[in-house]
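Visitor: Data: work-v5.csv, CSV, C-alpha atoms and all ligand atoms.
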chain,number,residue,atom,x,y,z
A,1,SER,CA,102.9,110.5,85.4
A,2,SER,CA,100.9,113.4,86.7
A,3,GLN,CA,102.2,113.0,90.2
A,4,VAL,CA,105.9,113.0,89.3
A,5,CYS,CA,107.8,116.2,88.5
A,6,HIS,CA,109.1,116.1,84.9
A,7,SER,CA,112.3,117.7,86.0
A,8,CYS,CA,113.5,116.1,89.3
A,9,PHE,CA,111.2,113.0,89.2
A,10,ARG,CA,110.1,113.7,92.8
A,11,GLN,CA,106.6,112.4,93.8
A,12,GLN,CA,104.6,115.4,94.9
A,13,ALA,CA,100.9,116.0,95.6
A,14,GLN,CA,100.6,119.5,94.3
A,15,LEU,CA,102.5,120.0,91.0
A,16,HIS,CA,102.3,123.0,88.6
A,17,ARG,CA,101.3,122.3,85.1
A,18,CYS,CA,103.0,123.8,82.1
A,19,ALA,CA,100.5,126.5,81.1
A,20,GLN,CA,101.0,125.9,77.4
A,21,CYS,CA,100.8,122.1,76.8
A,22,ARG,CA,99.1,121.3,80.2
A,23,PHE,CA,101.0,118.0,80.1
A,24,ALA,CA,104.3,118.6,81.7
A,25,HIS,CA,104.3,118.9,85.5
A,26,TYR,CA,106.8,120.6,87.8
A,27,CYS,CA,107.4,121.2,91.5
A,28,ASP,CA,108.1,124.9,90.9
A,29,ARG,CA,109.7,127.5,88.7
A,30,THR,CA,113.2,126.2,89.4
A,31,CYS,CA,112.3,122.7,88.1
A,32,GLN,CA,110.5,124.1,85.1
A,33,THR,CA,113.3,126.4,84.1
A,34,ALA,CA,115.8,123.6,84.4
A,35,CYS,CA,113.8,121.6,81.9
A,36,TRP,CA,112.7,124.3,79.5
A,37,GLU,CA,115.4,123.8,76.9
A,38,GLU,CA,114.5,120.2,76.7
A,39,HIS,CA,110.8,120.7,76.7
A,40,ARG,CA,110.4,123.8,74.5
A,41,GLN,CA,110.0,122.0,71.1
A,42,GLU,CA,108.1,119.1,72.7
A,43,CYS,CA,105.7,121.6,74.2
A,44,GLN,CA,104.9,123.1,70.8
A,45,ALA,CA,104.6,119.6,69.2
A,46,ILE,CA,102.1,118.5,71.8
A,47,ARG,CA,100.0,121.5,71.3
A,48,ARG,CA,100.1,121.1,67.5
A,49,LEU,CA,99.2,117.4,67.7
A,50,GLY,CA,96.6,117.9,70.3
A,51,GLU,CA,97.7,114.8,72.3
A,52,VAL,CA,100.7,113.3,74.0
A,53,PRO,CA,102.4,110.4,72.1
A,54,ALA,CA,103.9,107.4,74.0
A,55,ASP,CA,107.1,107.9,76.0
A,56,ARG,CA,109.2,106.1,73.4
A,57,ILE,CA,108.1,108.5,70.7
A,58,ARG,CA,108.6,111.5,72.9
A,59,LEU,CA,112.1,110.3,73.6
A,60,ALA,CA,112.8,109.6,69.9
A,61,ALA,CA,111.7,113.2,69.2
A,62,ARG,CA,114.0,114.6,71.8
A,63,VAL,CA,116.9,112.6,70.4
A,64,MET,CA,116.2,113.9,66.9
A,65,TRP,CA,115.9,117.5,68.1
A,66,ARG,CA,119.2,117.3,69.9
A,67,MET,CA,120.9,115.7,66.8
A,68,HIS,CA,119.6,118.5,64.7
A,69,LYS,CA,120.6,121.2,67.1
A,70,ASP,CA,124.1,120.0,67.9
A,71,THR,CA,125.0,118.8,64.4
A,72,GLY,CA,124.8,115.1,65.0
A,73,VAL,CA,126.0,114.7,68.5
A,74,ALA,CA,123.5,114.4,71.4
A,75,SER,CA,125.9,115.4,74.2
A,76,ASP,CA,129.5,116.4,74.5
A,77,SER,CA,130.7,113.7,76.9
A,78,GLN,CA,129.4,111.0,74.6
A,79,LEU,CA,131.8,108.3,73.5
A,80,LEU,CA,129.9,107.3,70.4
A,81,PRO,CA,127.2,109.0,68.3
A,82,VAL,CA,123.6,107.8,68.8
A,83,GLU,CA,123.2,106.6,65.2
A,84,GLU,CA,126.0,104.0,65.8
A,85,LEU,CA,124.0,102.2,68.5
A,86,GLN,CA,122.4,98.9,67.6
A,87,ASP,CA,118.8,99.1,66.5
A,88,HIS,CA,118.0,95.3,65.8
A,89,VAL,CA,115.3,96.4,63.4
A,90,ALA,CA,116.3,93.6,61.0
A,91,ASP,CA,115.8,91.1,63.8
A,92,LEU,CA,112.3,92.1,64.8
A,93,PRO,CA,109.5,89.6,64.3
A,94,GLN,CA,106.6,90.7,61.9
A,95,GLU,CA,104.3,91.8,64.7
A,96,GLN,CA,106.8,94.1,66.3
A,97,LEU,CA,107.9,95.4,63.0
A,98,GLN,CA,104.3,96.5,62.3
A,99,ARG,CA,104.2,98.3,65.6
A,100,LEU,CA,107.4,100.0,64.8
A,101,HIS,CA,106.0,101.3,61.5
A,102,ALA,CA,102.9,102.6,63.3
A,103,ASP,CA,105.3,104.4,65.7
A,104,VAL,CA,107.2,105.9,62.7
A,105,ARG,CA,103.9,107.4,61.4
A,106,THR,CA,103.0,108.8,64.8
A,107,PHE,CA,106.5,110.3,65.0
A,108,GLN,CA,106.1,112.0,61.6
A,109,GLU,CA,102.9,113.6,62.8
A,110,PHE,CA,104.5,114.7,66.0
A,111,TRP,CA,108.0,115.8,65.1
A,112,SER,CA,109.0,118.9,63.2
A,113,CYS,CA,112.1,121.0,63.0
A,114,GLY,CA,112.2,123.7,60.3
A,115,ARG,CA,112.3,122.2,56.9
A,116,SER,CA,114.1,118.9,57.8
A,117,ARG,CA,112.1,115.7,57.2
A,118,PRO,CA,114.1,112.7,58.4
A,119,SER,CA,113.6,109.5,56.4
A,120,ARG,CA,111.4,106.6,57.6
A,121,GLU,CA,114.6,104.6,57.9
A,122,ASP,CA,116.2,107.2,60.1
A,123,ILE,CA,113.1,107.3,62.4
A,124,ALA,CA,112.9,103.5,62.6
A,125,HIS,CA,116.6,103.4,63.4
A,126,VAL,CA,116.2,105.8,66.4
A,127,LEU,CA,113.0,104.0,67.6
A,128,GLY,CA,114.8,100.6,67.3
A,129,ILE,CA,117.7,102.0,69.3
A,130,ILE,CA,115.4,103.1,72.1
A,131,LYS,CA,113.6,99.7,72.1
A,132,THR,CA,117.0,97.9,72.4
A,133,ASN,CA,118.9,100.4,74.6
A,134,GLY,CA,116.3,102.4,76.5
A,135,PHE,CA,116.8,102.6,80.2
A,136,THR,CA,113.8,102.6,82.5
A,137,LEU,CA,113.9,105.6,84.8
A,138,SER,CA,112.4,105.5,88.3
A,139,ASP,CA,111.2,108.1,90.7
A,140,GLN,CA,113.3,109.6,93.5
A,141,ARG,CA,112.6,106.7,95.8
A,142,GLY,CA,113.3,104.1,93.1
A,143,LEU,CA,109.9,102.6,93.6
A,144,GLN,CA,108.0,103.6,90.5
A,145,ALA,CA,108.9,103.6,86.8
A,146,VAL,CA,108.3,107.1,85.4
A,147,GLY,CA,109.8,107.0,82.0
A,148,VAL,CA,112.6,105.9,79.6
A,149,GLY,CA,116.0,107.4,78.8
A,150,LEU,CA,118.8,106.8,76.3
A,151,PHE,CA,122.4,106.9,77.6
A,152,PRO,CA,124.8,106.1,74.7
A,153,ASN,CA,127.8,105.5,76.9
A,154,LEU,CA,126.0,102.9,79.0
A,155,CYS,CA,125.2,101.0,75.8
A,156,LEU,CA,128.9,100.1,75.6
A,157,VAL,CA,128.7,98.1,78.8
A,158,ASN,CA,128.1,94.4,78.2
A,159,HIS,CA,125.7,92.1,80.0
A,160,ASP,CA,126.6,89.5,82.7
A,161,CYS,CA,124.2,87.7,84.9
A,162,TRP,CA,126.6,88.3,87.9
A,163,PRO,CA,127.7,91.8,87.0
A,164,ASN,CA,130.4,93.8,88.7
A,165,CYS,CA,128.6,97.1,88.2
A,166,SER,CA,125.2,98.6,88.4
A,167,VAL,CA,123.5,101.6,86.9
A,168,VAL,CA,121.7,104.1,89.1
A,169,LEU,CA,119.9,107.3,88.3
A,170,ASN,CA,121.1,110.1,90.4
A,171,HIS,CA,118.4,112.8,90.3
A,172,GLY,CA,120.8,115.5,91.2
A,173,ASN,CA,119.9,118.4,93.5
A,174,GLN,CA,117.9,121.3,92.2
A,175,SER,CA,116.1,122.0,95.5
A,176,ALA,CA,118.9,123.7,97.5
A,177,THR,CA,118.2,127.3,98.2
A,178,ASN,CA,121.8,128.2,97.0
A,179,PRO,CA,121.9,127.4,93.3
A,180,ALA,CA,125.7,126.9,93.6
A,181,LEU,CA,124.9,123.6,95.4
A,182,HIS,CA,122.7,122.3,92.5
A,183,SER,CA,123.9,119.3,90.7
A,184,GLN,CA,122.8,117.8,87.4
A,185,ARG,CA,120.7,114.8,87.0
A,186,ARG,CA,122.8,111.9,85.7
A,187,VAL,CA,123.1,108.1,85.4
A,188,GLU,CA,126.0,106.6,87.2
A,189,LEU,CA,127.8,103.3,86.4
A,190,ARG,CA,128.9,102.1,89.8
A,191,ALA,CA,131.3,99.3,90.7
A,192,LEU,CA,129.7,96.8,93.2
A,193,GLY,CA,133.1,95.8,94.6
A,194,LYS,CA,136.8,95.9,93.7
A,195,VAL,CA,137.4,95.6,90.0
A,196,CYS,CA,140.8,94.2,88.9
A,197,GLN,CA,142.9,95.9,86.3
A,198,GLY,CA,141.8,94.6,82.8
A,199,GLU,CA,138.6,93.1,84.1
A,200,GLU,CA,135.6,94.0,81.9
A,201,LEU,CA,132.9,96.2,83.4
A,202,THR,CA,129.5,94.5,83.2
A,203,VAL,CA,125.9,95.2,84.1
A,204,SER,CA,122.8,93.0,84.1
A,205,TYR,CA,120.3,93.9,81.4
A,206,VAL,CA,117.5,91.8,82.9
A,207,ASP,CA,116.0,91.3,86.4
A,208,PHE,CA,118.4,89.4,88.6
A,209,LEU,CA,115.7,87.5,90.3
A,210,ASP,CA,114.9,85.0,87.6
A,211,THR,CA,116.1,81.4,86.8
A,212,SER,CA,118.7,81.0,84.1
A,213,ALA,CA,116.0,79.8,81.6
A,214,GLU,CA,113.8,82.8,82.2
A,215,ARG,CA,116.8,85.2,81.9
A,216,GLN,CA,117.9,83.5,78.7
A,217,ARG,CA,114.4,83.9,77.2
A,218,LYS,CA,114.3,87.6,78.1
A,219,LEU,CA,117.8,88.3,76.8
A,220,SER,CA,117.2,86.7,73.5
A,221,GLU,CA,113.7,88.3,73.1
A,222,LEU,CA,114.8,91.8,74.1
A,223,PHE,CA,118.5,91.9,73.2
A,224,PHE,CA,118.9,89.2,70.6
A,225,PHE,CA,121.8,87.3,72.1
A,226,HIS,CA,122.4,84.0,74.0
A,227,CYS,CA,124.1,84.5,77.4
A,228,THR,CA,127.0,82.1,77.9
A,229,CYS,CA,128.0,83.4,81.3
A,230,GLN,CA,129.0,81.0,84.1
A,231,ARG,CA,125.7,81.4,86.0
A,232,CYS,CA,123.7,80.5,82.9
A,233,SER,CA,125.8,77.6,81.7
A,234,GLN,CA,126.0,76.1,85.2
A,235,HIS,CA,122.4,77.1,86.2
A,236,LEU,CA,123.8,78.6,89.4
A,237,LYS,CA,121.2,79.5,92.1
A,238,ASP,CA,118.4,78.0,89.9
A,239,ASP,CA,117.9,75.3,92.6
A,240,ALA,CA,117.5,77.9,95.4
A,241,MET,CA,115.1,80.0,93.3
A,242,THR,CA,112.8,77.0,92.8
A,243,ALA,CA,113.6,75.1,96.1
A,244,ALA,CA,111.0,73.2,98.0
A,245,ALA,CA,110.8,73.3,101.8
A,246,ASP,CA,112.5,70.3,103.6
A,247,GLY,CA,110.5,67.1,103.4
A,248,ALA,CA,107.8,68.6,101.1
A,249,ASP,CA,105.9,66.3,98.8
A,250,ALA,CA,107.0,66.9,95.1
A,251,ALA,CA,103.5,66.7,93.7
A,252,GLU,CA,102.2,69.2,96.2
A,253,VAL,CA,105.1,71.6,95.5
A,254,GLN,CA,104.3,71.5,91.8
A,255,GLU,CA,100.7,72.2,92.5
A,256,VAL,CA,101.3,75.2,94.8
A,257,THR,CA,103.9,76.6,92.4
A,258,ALA,CA,101.3,76.6,89.6
A,259,PHE,CA,98.7,78.1,92.0
A,260,SER,CA,101.2,80.8,93.1
A,261,GLN,CA,102.0,81.8,89.5
A,262,GLU,CA,98.3,82.2,88.8
A,263,CYS,CA,97.8,84.1,92.0
A,264,LEU,CA,100.7,86.4,91.1
A,265,GLU,CA,99.1,87.4,87.9
A,266,LYS,CA,96.0,88.5,89.8
A,267,ILE,CA,98.1,90.3,92.4
A,268,ASP,CA,99.9,92.2,89.7
A,269,ARG,CA,96.6,93.3,88.2
A,270,CYS,CA,95.3,94.5,91.6
A,271,LEU,CA,98.6,96.3,92.3
A,272,THR,CA,98.2,98.2,89.1
A,273,GLY,CA,94.7,99.1,90.0
A,274,ARG,CA,95.9,100.0,93.6
A,275,ASP,CA,93.3,97.6,95.1
A,276,TYR,CA,95.5,96.9,98.2
A,277,GLN,CA,92.8,95.2,100.2
A,278,GLU,CA,92.4,92.6,97.4
A,279,VAL,CA,96.2,92.3,97.1
A,280,LEU,CA,96.5,91.5,100.8
A,281,ALA,CA,93.7,89.0,100.6
A,282,LEU,CA,95.3,87.2,97.7
A,283,CYS,CA,98.8,87.3,99.3
A,284,SER,CA,97.6,85.9,102.6
A,285,ALA,CA,95.8,83.0,100.9
A,286,CYS,CA,98.8,82.3,98.8
A,287,LEU,CA,101.3,82.4,101.6
A,288,GLN,CA,99.1,80.1,103.7
A,289,LYS,CA,99.2,77.5,100.9
A,290,GLN,CA,102.9,77.9,100.4
A,291,ARG,CA,103.7,77.2,104.1
A,292,GLY,CA,105.7,74.0,104.5
A,293,LEU,CA,106.0,73.5,100.7
A,294,LEU,CA,108.2,76.3,99.3
A,295,ALA,CA,111.6,77.3,100.6
A,296,ASP,CA,112.2,80.9,101.7
A,297,THR,CA,114.3,81.5,98.5
A,298,HIS,CA,111.6,80.3,96.1
A,299,LEU,CA,110.8,83.1,93.6
A,300,CYS,CA,107.1,82.6,93.9
A,301,HIS,CA,107.3,83.0,97.7
A,302,LEU,CA,109.5,86.1,97.5
A,303,ARG,CA,107.3,87.8,94.9
A,304,VAL,CA,104.2,87.2,97.0
A,305,LEU,CA,106.0,88.5,100.1
A,306,SER,CA,107.1,91.6,98.2
A,307,ALA,CA,103.5,92.4,97.2
A,308,ALA,CA,102.3,91.7,100.7
A,309,VAL,CA,104.8,94.2,102.1
A,310,GLU,CA,103.6,96.9,99.7
A,311,ALA,CA,100.0,96.3,100.5
A,312,LEU,CA,100.5,96.2,104.2
A,313,SER,CA,102.6,99.4,104.2
A,314,TYR,CA,99.9,101.1,102.2
A,315,LEU,CA,97.2,99.9,104.5
A,316,ARG,CA,99.3,101.1,107.5
A,317,CYS,CA,99.5,97.6,109.1
A,318,PHE,CA,103.0,98.3,110.1
A,319,PRO,CA,103.9,95.4,112.5
A,320,GLU,CA,102.8,92.8,109.8
A,321,ALA,CA,104.6,94.8,107.1
A,322,ALA,CA,107.7,94.7,109.3
A,323,ALA,CA,107.6,91.0,109.8
A,324,TYR,CA,107.1,90.2,106.1
A,325,ALA,CA,109.7,92.7,105.0
A,326,LEU,CA,112.2,91.0,107.2
A,327,ARG,CA,111.4,87.6,105.8
A,328,LEU,CA,111.7,89.0,102.3
A,329,LEU,CA,115.1,90.5,103.1
A,330,GLN,CA,116.3,87.1,104.5
A,331,GLY,CA,115.4,85.4,101.3
A,332,TYR,CA,117.0,88.1,99.2
A,333,ARG,CA,120.3,87.8,101.2
A,334,LYS,CA,120.7,84.2,100.0
A,335,LEU,CA,120.3,85.1,96.4
A,336,TYR,CA,121.6,88.6,95.6
A,337,PRO,CA,125.2,89.5,95.3
A,338,PRO,CA,126.5,91.7,98.2
A,339,ASN,CA,125.9,95.4,97.6
A,340,HIS,CA,123.2,94.8,95.1
A,341,ALA,CA,120.9,97.8,95.0
A,342,GLN,CA,117.8,95.7,95.4
A,343,LEU,CA,119.2,94.2,98.6
A,344,GLY,CA,119.8,97.7,100.0
A,345,VAL,CA,116.3,98.8,99.0
A,346,ALA,CA,114.8,95.7,100.7
A,347,ALA,CA,116.7,96.5,103.9
A,348,MET,CA,115.5,100.1,103.7
A,349,ARG,CA,111.9,99.0,103.3
A,350,ALA,CA,112.3,96.6,106.3
A,351,GLY,CA,113.9,99.4,108.3
A,352,VAL,CA,111.1,101.9,107.5
A,353,ALA,CA,108.4,99.3,108.4
A,354,HIS,CA,110.1,98.6,111.7
A,355,LEU,CA,110.3,102.3,112.4
A,356,GLN,CA,106.6,102.8,111.6
A,357,ALA,CA,105.8,99.8,113.8
A,358,GLY,CA,107.5,101.5,116.7
A,359,MET,CA,110.5,99.1,116.8
A,360,PRO,CA,113.4,101.6,116.7
A,361,GLU,CA,116.1,99.1,117.7
A,362,ALA,CA,115.4,96.7,114.9
A,363,ALA,CA,114.8,99.6,112.6
A,364,HIS,CA,118.1,101.2,113.4
A,365,GLU,CA,120.0,98.0,112.6
A,366,LEU,CA,118.2,97.5,109.3
A,367,ILE,CA,118.6,101.1,108.3
A,368,CYS,CA,122.4,100.9,109.0
A,369,GLN,CA,122.6,97.8,106.8
A,370,ALA,CA,120.7,99.5,104.0
A,371,TYR,CA,123.0,102.5,104.4
A,372,ARG,CA,126.2,100.4,104.0
A,373,THR,CA,124.8,98.8,100.8
A,374,LEU,CA,123.5,102.0,99.3
A,375,LEU,CA,126.8,103.8,99.9
A,376,VAL,CA,128.2,101.4,97.3
A,377,SER,CA,125.2,100.8,95.0
A,378,HIS,CA,123.8,104.4,95.0
A,379,GLY,CA,126.8,106.5,96.3
A,380,PRO,CA,126.9,109.0,99.2
A,381,ASN,CA,125.3,111.8,97.2
A,382,HIS,CA,122.2,110.0,96.1
A,383,SER,CA,118.9,111.3,97.5
A,384,THR,CA,117.9,107.9,98.7
A,385,THR,CA,121.2,107.5,100.7
A,386,ARG,CA,120.6,110.9,102.2
A,387,ASP,CA,117.0,110.0,103.1
A,388,LEU,CA,118.5,107.0,104.9
A,389,GLU,CA,120.8,109.2,106.9
A,390,ALA,CA,117.8,111.2,108.1
A,391,MET,CA,115.9,107.9,109.0
A,392,ARG,CA,118.9,106.7,110.9
A,393,ARG,CA,118.9,109.9,113.0
A,394,GLN,CA,115.2,109.5,113.6
A,395,ALA,CA,115.6,105.9,114.7
A,396,GLU,CA,118.5,107.0,117.1
A,397,LEU,CA,116.3,109.7,118.5
A,398,GLU,CA,113.4,107.3,119.1
A,399,LEU,CA,115.8,104.8,120.7
A,400,LYS,CA,117.0,107.4,123.1
A,401,VAL,CA,113.4,108.3,124.1
A,402,LEU,CA,112.6,104.7,124.6
A,403,LYS,CA,115.6,104.1,126.9
A,404,GLN,CA,114.6,107.1,129.0
B,501,ZN,ZN,110.8,119.0,90.6
B,502,ZN,ZN,104.7,122.5,77.9
B,503,ZN,ZN,124.0,84.6,81.9
Go ahead and express the file in the form of structure tokens.

Guide:
Amino acid sequence: SSQVCHSCFRQQAQLHRCAQCRFAHYCDRTCQTACWEEHRQECQAIRRLGEVPADRIRLAARVMWRMHKDTGVASDSQLLPVEELQDHVADLPQEQLQRLHADVRTFQEFWSCGRSRPSREDIAHVLGIIKTNGFTLSDQRGLQAVGVGLFPNLCLVNHDCWPNCSVVLNHGNQSATNPALHSQRRVELRALGKVCQGEELTVSYVDFLDTSAERQRKLSELFFFHCTCQRCSQHLKDDAMTAAADGADAAEVQEVTAFSQECLEKIDRCLTGRDYQEVLALCSACLQKQRGLLADTHLCHLRVLSAAVEALSYLRCFPEAAAYALRLLQGYRKLYPPNHAQLGVAAMRAGVAHLQAGMPEAAHELICQAYRTLLVSHGPNHSTTRDLEAMRRQAELELKVLKQ
């Protein structure tokens, strides 16, 4: 997290450290000041403990400090108090319960606020709420997870595997020279299309790109319910996500699927270690084996493609990255609902790769597609949407130069 500003979540090379705890990092004074109220007690606690506890414990501590400060309510626009959210502590298997108790002990060492000493049950309750309802926050570009947040109003929205809304973090704008133009960081619940009167608003709690069996497993493990939506009961799109190429031999397909899954585990490890040369080698070998056996919508194929695009972009092999990004996008289009954020982000990645590969015409078209999707999924005021606008102008400029 040392490369991400703790206030605006922007990735920066040169960040200033909080002089007191030496843990929090900020772009500048403006970002630091914007965060001070939230960081003040945490800063003291980190110095006292001499180390930084896990994100979930820091978040639990922030929730508790707010609850103490504002007499039980964490924010004024909140529809229900934090303590009324579900914690599912009673449903936890033994192993996870033990981890929760260890977290409670760490919390007790970390947190203090005058003379108040919350009970172990109260602490376990807040930690359980975060485990069940925590929302992963990503950096400004939406590419890297940087932390976890709790948004009580969002917890009221039920799950559907084909949702009509999505949640997006808007980082706000604290960088304008005129402070009057600054806007607060917030999460937005955005409709993905027209919602009829009386229709329930839904979001997806789990990754969309999974078969119904895999989604069911994650939903029951993490959220303790069994999904009965139409997509799950009718196994919609499962066939496409596991499809073989036309005329492929069934035994060979099974073999290459198992090989791909093993390979993907290695790829994930190398991605975490940022060993992009090795990622690329693994992806190339895997894609070679998949050829003629897996369909372009098979999840194993799409996951390997996605890793290949990341590695190729990092290694600055732009023409290859552009070609793979386009194939990835074509597969996604057959699976994702229109206006899904991931679809827009995939089009953006493809557009950027084409721009870097010196193909402004294709880049322009992809960037415009991405822009149309992000206008819905992220909204016109999101920094990523605005970045796209700048990229579109750049593509147009390059196109003009090319034509001359
Ligand atoms: Zn910042
Ligand atoms: Zn500090
Ligand atoms: Zn479902």

Visitor: Which polymer residues have any atom within 10 Å of an atom of Ala347 of chain A, counting all atoms listed in the file, with same-chain residues fewer than 2 positions away left out, as a list in words?

Guide: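 Skipping anything fewer than 2 positions along the chain leaves Ala325, Leu326, Leu328, Leu329, Gln330, Tyr332, Arg333, Ala341, Gln342, Leu343, Gly344, Val345, Arg349, Ala350, Gly351, Val352, Ala353, Ala363, Glu365, Leu366, Ile367, Cys368, Gln369, Ala370, Tyr371, Thr373 and Leu374 of chain A.
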
Visitor: Give as number ranges by chain the residues surrounding ligand ZN 503 (chain B) up to a distance of 6 Å, considering only C-alpha atoms and all ligand atoms.

Guide: A: 160-161, 227-229, 231-232

Visitor: Measuring atom to atom with all atoms listed in the file, identify which of A:Gly172, A:Ala250, A:Ala213, A:Lys69 is nearest to Gly114 of chain A.

Guide: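 Nearest to Gly114 of chain A: A:Lys69.
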
Visitor: Between chain A and ligand ZN 501 (chain B), at 9 Å or less, what are the per-residue closest atom pairs and their distances in Å? Count only C-alpha atoms and all ligand atoms, order by chain and rising residue number, and return it as CSV.

Guide:
residue,atom,partner,partner_atom,distance
A:Val4,CA,B:ZN501,ZN,7.9
A:Cys5,CA,B:ZN501,ZN,4.6
A:His6,CA,B:ZN501,ZN,6.6
A:Ser7,CA,B:ZN501,ZN,5.0
A:Cys8,CA,B:ZN501,ZN,4.2
A:Phe9,CA,B:ZN501,ZN,6.2
A:Arg10,CA,B:ZN501,ZN,5.8
A:Gln11,CA,B:ZN501,ZN,8.5
A:Gln12,CA,B:ZN501,ZN,8.4
A:Leu15,CA,B:ZN501,ZN,8.4
A:His25,CA,B:ZN501,ZN,8.3
A:Tyr26,CA,B:ZN501,ZN,5.1
A:Cys27,CA,B:ZN501,ZN,4.1
A:Asp28,CA,B:ZN501,ZN,6.5
A:Arg29,CA,B:ZN501,ZN,8.8
A:Thr30,CA,B:ZN501,ZN,7.7
A:Cys31,CA,B:ZN501,ZN,4.7
A:Gln32,CA,B:ZN501,ZN,7.5
A:Gln174,CA,B:ZN501,ZN,7.6
A:Ser175,CA,B:ZN501,ZN,7.8

Visitor: Give me, as a PyMOL selection string, all polymer residues having an atom no more than 12 Å from Val126 of chain A, counting all atoms listed in the file and skipping those fewer than 2 positions away in the same chain.

Guide: chain A and resi 56-65+67+81-89+100+103-104+107+118-124+128-134+150+152

Visitor: Go ahead and compute the interatomic distance for atom CA of Ser284 of chain A and atom CA of Asp210 of chain A, in Å to one decimal.

Guide: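 Distance reported for this atom pair: 22.9 Å.
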
Visitor: Within 6 Å of ligand ZN 502 (chain B), counting all atoms listed in the file, which protein or nucleic acid residues do you find, written as a list in words?

Guide: Cys18, Gln20, Cys21, Ala24 and Cys43 of chain A

Visitor: By how many Å are atom CA of Val256 of chain A and atom CA of Tyr324 of chain A apart?

Guide: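 So the answer is 19.7 Å.
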
Visitor: Grab the atom CA of Lys403 of chain A to atom CA of Glu320 of chain A distance for me, in Å with one decimal place.

Guide: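 Rounded to one decimal, the two atoms are 24.2 Å apart.
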
Visitor: Which of these residues is nearest to Glu188 of chain A, using all atoms listed in the file: A:Leu92, A:Leu169, A:Ala258, A:Leu397?

Guide: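 For Glu188 of chain A, the nearest of the candidates is A:Leu169.
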
Visitor: Which is closer to Arg99 of chain A than all the others in A:Leu127, A:Cys286, A:Leu271, A:Val304, using all atoms listed in the file?

Guide: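 Using all atoms listed in the file, the shortest distance to Arg99 of chain A belongs to A:Leu127.
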
Visitor: Give as an mmCIF file with C-alpha atoms, in the coordinates of the input the set of residues within 10 Å of the point (119.0, 78.0, 83.4), where distances use the file's coordinates and all atoms listed in the file.

Guide:
data_model
loop_
_atom_site.group_PDB
_atom_site.id
_atom_site.type_symbol
_atom_site.label_atom_id
_atom_site.label_comp_id
_atom_site.auth_asym_id
_atom_site.auth_seq_id
_atom_site.Cartn_x
_atom_site.Cartn_y
_atom_site.Cartn_z
ATOM 1 C CA ASP A 210 114.900 85.000 87.600
ATOM 2 C CA THR A 211 116.100 81.400 86.800
ATOM 3 C CA SER A 212 118.700 81.000 84.100
ATOM 4 C CA ALA A 213 116.000 79.800 81.600
ATOM 5 C CA GLU A 214 113.800 82.800 82.200
ATOM 6 C CA ARG A 215 116.800 85.200 81.900
ATOM 7 C CA GLN A 216 117.900 83.500 78.700
ATOM 8 C CA ARG A 217 114.400 83.900 77.200
ATOM 9 C CA ARG A 231 125.700 81.400 86.000
ATOM 10 C CA CYS A 232 123.700 80.500 82.900
ATOM 11 C CA SER A 233 125.800 77.600 81.700
ATOM 12 C CA GLN A 234 126.000 76.100 85.200
ATOM 13 C CA HIS A 235 122.400 77.100 86.200
ATOM 14 C CA LEU A 236 123.800 78.600 89.400
ATOM 15 C CA LYS A 237 121.200 79.500 92.100
ATOM 16 C CA ASP A 238 118.400 78.000 89.900
ATOM 17 C CA ASP A 239 117.900 75.300 92.600
#

Visitor: Using only C-alpha atoms for the distances, tell me which of A:Asp296, A:Glu310, A:Glu199, A:Glu252 is nearest to Val279 of chain A.

Guide: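 Result for the nearest residue to Val279 of chain A: A:Glu310.
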
Visitor: Env of Val376 of chain A: 8 Å cut, atoms = all atoms listed in the file, seq-sep filter 2 positions within chain, self excluded. Answer as a PDB file with C-alpha atoms, keeping the file's coordinate frame.

Guide:
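Output file out_34.pdb follows:
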ATOM      1  CA  ARG A 190     128.900 102.100  89.800  1.00  0.00           C
ATOM      2  CA  ALA A 191     131.300  99.300  90.700  1.00  0.00           C
ATOM      3  CA  LEU A 192     129.700  96.800  93.200  1.00  0.00           C
ATOM      4  CA  GLY A 193     133.100  95.800  94.600  1.00  0.00           C
ATOM      5  CA  ASN A 339     125.900  95.400  97.600  1.00  0.00           C
ATOM      6  CA  ARG A 372     126.200 100.400 104.000  1.00  0.00           C
ATOM      7  CA  THR A 373     124.800  98.800 100.800  1.00  0.00           C
ATOM      8  CA  LEU A 374     123.500 102.000  99.300  1.00  0.00           C
ATOM      9  CA  HIS A 378     123.800 104.400  95.000  1.00  0.00           C
ATOM     10  CA  GLY A 379     126.800 106.500  96.300  1.00  0.00           C
ATOM     11  CA  PRO A 380     126.900 109.000  99.200  1.00  0.00           C
TER      12      PRO A 380
END
